[in-house]
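See below for the structure under consideration.
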Amino acid sequence: MTMQNKLTVQALQWTGTALKVLDQRQLPEKIVYDEYNDADGVTEAIVNMRVRGAPAIGIAAAYGVALSVRKHYAQSNHWRQKVTADIAMLAASRPTAVNLFWALDQMKAVLAKQLDNPMAAVLACAEKIHADDIAANHKMGELGADILDGAKGVMTHCNAGALATGGYGTALGVIRSAYQRQRIDVYAGETRPWLQGARLTVWELAQDGIPATLIADSAAAWLMKSGAIDWIVVGADRIAANGDAANKIGTYSLAVLAKQHGVKLMVAAPTSTIDWNIDNGDKIEIEQRNKNELLPACYIKEDSLVSAWNPVFDVTPAELISAIVTERGVILNPFEQGVRSLKNAI
Ligand code: MRU
């Protein structure tokens, strides 16, 4: 069985009546799936990062809407108002990844129609969003692997893998496809403070038999200086029309370091991650998470003199990106024209 056919780890599974979510907070020690039957549960799972990663958040929210319709349609004549309230609740779960709003817009468009069987219609839409995301990842994997042809080593940041998507992954999809063609050295930054790299990425790659070397985030410049990597490959949470890309905090630092060391930066993301409504990255809302995610326990008290600043994304300007890989095609040097040409591409 080739890796293309083999199922990667699944962050989300639809059971037919409920959404199973792999609790990523417990990885890699424990593999625990929680089952959700309503939009409240799915919202909680996104807010508390049981599920995370831009495409996975969008897919989970879509199933959350399906669960909302399932719950309210049978119970109330005012089911549409209740579903609308649930959609607003899901939309407030996290601010930066545009896939969330994109997926909810798809669900709203279905609900805006006159429907004989609303549950069947919204579920079909959620399942399509899920399946299309997996297909897009495989397409990006091949396109990105073409670009990496001949590369000796790559580094990735955060987790942009199967765990962050419907399956296969964006940046890790590219790395999976590239690794199938030629053995490349894969380095993963630990990605403080939530340790997506240390807890998720290296674990996910190991599940597929792909060796990976973990580095402290602060070792990245020295790794680049050593000549071990040709490319940094990352995902994105939101890409502006000019090609500026928001991704996990630390991506911008890597991009600046990459320029200094002649290393190239690839952003792999489905077109559902492009926010066509914003011209540049300045307009992207950057999520600030609770300072307690960063602070050592001894400083978590009312009279503490030690606080924390915890932005969890940053924006890399298009001029520092060598390639944006989407399922609709590749944009080389996005600084020149942005990603606008992808809007109507098929
Ligand atoms: O805070 P997270 O873990 O949801 O952040 C995830 C990232 O920044 C990923 O790199 C991005 O969503 C791309 S996932 C394919």
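We name chains A, B, ... following the order of the structure tokens; residues begin at 1 in each chain, and ligands are numbered from 1 as shown.
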What are the closest atom pairs, with distances in Å to one decimal, for all residues of range 274-305 of chain A lying within 10 Å of range 85-103 of chain A? Consider only C-alpha atoms, order rows by chain and residue number, and present the result as CSV.
residue,atom,partner,partner_atom,distance
A:Ile274,CA,A:Val98,CA,7.3
A:Asp275,CA,A:Val98,CA,6.6
A:Ile284,CA,A:Thr96,CA,6.9
A:Glu285,CA,A:Thr96,CA,5.6
A:Ile286,CA,A:Thr96,CA,5.8
A:Glu287,CA,A:Thr96,CA,6.0
A:Gln288,CA,A:Pro95,CA,9.3
A:Arg289,CA,A:Arg94,CA,9.7
Put those residues in a file: C-alpha atoms, as a compact mmCIF listing (two decimals), in the first residue's frame.
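The new file part_19.txt reads:
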# COMPACT_ATOMS: atom_id res chain seq x y z
CA ILE A 274 -7.07 32.49 1.44
CA ASP A 275 -9.01 35.50 2.63
CA ILE A 284 -5.46 39.67 9.98
CA GLU A 285 -6.64 39.37 13.57
CA ILE A 286 -3.93 37.73 15.64
CA GLU A 287 -5.26 35.53 18.42
CA GLN A 288 -3.93 36.30 21.89
CA ARG A 289 -4.30 33.30 24.14
Please produce, as CSV, a per-residue contact table for chain A versus ligand 1 (criterion: any atom at most 6 Å away, only C-alpha atoms and all ligand atoms considered), showing the nearest atom pair and its distance in Å to one decimal, sorted by chain then residue number.
residue,atom,partner,partner_atom_place_in_ligand_line,distance
A:Arg52,CA,ligand 1,4 (O),3.9
A:Gly53,CA,ligand 1,12 (O),3.6
A:Ala54,CA,ligand 1,12 (O),3.8
A:Pro55,CA,ligand 1,15 (C),5.9
A:Cys158,CA,ligand 1,10 (O),5.1
A:Asn159,CA,ligand 1,10 (O),5.4
A:Ala160,CA,ligand 1,15 (C),3.7
A:Gly161,CA,ligand 1,15 (C),5.8
A:Ala164,CA,ligand 1,14 (S),4.7
A:Thr165,CA,ligand 1,15 (C),5.5
A:Gly169,CA,ligand 1,15 (C),5.9
A:Thr170,CA,ligand 1,15 (C),5.1
A:Gly235,CA,ligand 1,13 (C),3.9
A:Ala236,CA,ligand 1,13 (C),4.3
A:Asp237,CA,ligand 1,12 (O),4.6
A:Asn247,CA,ligand 1,8 (O),4.5
A:Lys248,CA,ligand 1,8 (O),3.6
Can I get the selected residues back with C-alpha atoms, as a tab-separated table (two decimals), in the first residue's frame?
chain	number	residue	atom	x	y	z
A	52	ARG	CA	-6.59	22.71	16.20
A	53	GLY	CA	-5.07	23.63	12.87
A	54	ALA	CA	-6.88	25.85	10.39
A	55	PRO	CA	-8.53	23.29	8.06
A	158	CYS	CA	3.96	23.91	14.33
A	159	ASN	CA	1.84	21.00	13.12
A	160	ALA	CA	0.39	21.36	9.65
A	161	GLY	CA	-0.24	17.68	9.26
A	164	ALA	CA	-4.45	19.88	11.57
A	165	THR	CA	-6.53	18.98	8.52
A	169	GLY	CA	-1.72	17.52	5.90
A	170	THR	CA	-0.58	20.66	4.13
A	235	GLY	CA	1.08	25.76	6.65
A	236	ALA	CA	-1.02	28.89	7.09
A	237	ASP	CA	-4.05	30.07	9.01
A	247	ASN	CA	0.81	31.11	10.66
A	248	LYS	CA	1.92	29.88	14.06
Original post:
Interatomic distance between CA of Met140 in chain A and CA of Glu327 in chain A?
Top reply: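 These atoms are spaced 5.1 Å apart.
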Original post:
Of the residues A:Leu257, A:Val174, A:Gln180, A:Leu200, which is the one nearest to Val234 in chain A, using only C-alpha atoms?
Top reply: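 Residue with the minimum atom-to-atom distance to Val234 in chain A: A:Val174.
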**OP:** Would you list the contacts of Trp309 in chain A as an NGL selection string, taking every protein, DNA or RNA residue within 12 Å and counting only C-alpha atoms, but skipping same-chain residues closer than 6 positions in sequence?
**Re:** :A and (193 or 249 or 287-295)
Could those selected residues go to a file with N, CA, C and O atoms, as a PDB file, in the first residue's frame?
ATOM      1  N   PRO A 193       4.572  28.172  22.667  1.00  0.00           N
ATOM      2  CA  PRO A 193       4.517  27.494  23.960  1.00  0.00           C
ATOM      3  C   PRO A 193       3.686  26.203  23.964  1.00  0.00           C
ATOM      4  O   PRO A 193       3.737  25.474  24.945  1.00  0.00           O
ATOM      5  N   ILE A 249       2.935  31.416  15.608  1.00  0.00           N
ATOM      6  CA  ILE A 249       3.958  32.349  16.088  1.00  0.00           C
ATOM      7  C   ILE A 249       5.348  31.703  15.953  1.00  0.00           C
ATOM      8  O   ILE A 249       5.530  30.535  16.319  1.00  0.00           O
ATOM      9  N   GLU A 287      -4.709  36.035  17.149  1.00  0.00           N
ATOM     10  CA  GLU A 287      -5.256  35.530  18.423  1.00  0.00           C
ATOM     11  C   GLU A 287      -4.231  35.696  19.553  1.00  0.00           C
ATOM     12  O   GLU A 287      -3.054  35.357  19.409  1.00  0.00           O
ATOM     13  N   GLN A 288      -4.721  36.239  20.655  1.00  0.00           N
ATOM     14  CA  GLN A 288      -3.930  36.295  21.893  1.00  0.00           C
ATOM     15  C   GLN A 288      -4.534  35.255  22.814  1.00  0.00           C
ATOM     16  O   GLN A 288      -5.712  35.340  23.145  1.00  0.00           O
ATOM     17  N   ARG A 289      -3.745  34.290  23.226  1.00  0.00           N
ATOM     18  CA  ARG A 289      -4.302  33.296  24.138  1.00  0.00           C
ATOM     19  C   ARG A 289      -3.919  33.623  25.576  1.00  0.00           C
ATOM     20  O   ARG A 289      -3.114  34.510  25.838  1.00  0.00           O
ATOM     21  N   ASN A 290      -4.572  32.917  26.478  1.00  0.00           N
ATOM     22  CA  ASN A 290      -4.407  33.164  27.906  1.00  0.00           C
ATOM     23  C   ASN A 290      -2.937  33.129  28.309  1.00  0.00           C
ATOM     24  O   ASN A 290      -2.193  32.228  27.918  1.00  0.00           O
ATOM     25  N   LYS A 291      -2.537  34.118  29.109  1.00  0.00           N
ATOM     26  CA  LYS A 291      -1.127  34.177  29.528  1.00  0.00           C
ATOM     27  C   LYS A 291      -0.736  32.946  30.338  1.00  0.00           C
ATOM     28  O   LYS A 291       0.430  32.564  30.393  1.00  0.00           O
ATOM     29  N   ASN A 292      -1.721  32.296  30.924  1.00  0.00           N
ATOM     30  CA  ASN A 292      -1.420  31.111  31.741  1.00  0.00           C
ATOM     31  C   ASN A 292      -0.930  29.919  30.903  1.00  0.00           C
ATOM     32  O   ASN A 292      -0.386  28.960  31.447  1.00  0.00           O
ATOM     33  N   GLU A 293      -1.139  29.993  29.571  1.00  0.00           N
ATOM     34  CA  GLU A 293      -0.592  28.934  28.712  1.00  0.00           C
ATOM     35  C   GLU A 293       0.930  29.045  28.636  1.00  0.00           C
ATOM     36  O   GLU A 293       1.610  28.118  28.232  1.00  0.00           O
ATOM     37  N   LEU A 294       1.430  30.230  29.004  1.00  0.00           N
ATOM     38  CA  LEU A 294       2.855  30.498  28.872  1.00  0.00           C
ATOM     39  C   LEU A 294       3.568  30.547  30.226  1.00  0.00           C
ATOM     40  O   LEU A 294       4.723  30.155  30.352  1.00  0.00           O
ATOM     41  N   LEU A 295       2.849  31.035  31.225  1.00  0.00           N
ATOM     42  CA  LEU A 295       3.488  31.293  32.522  1.00  0.00           C
ATOM     43  C   LEU A 295       3.752  30.010  33.315  1.00  0.00           C
ATOM     44  O   LEU A 295       2.875  29.148  33.407  1.00  0.00           O
TER      45      LEU A 295
END
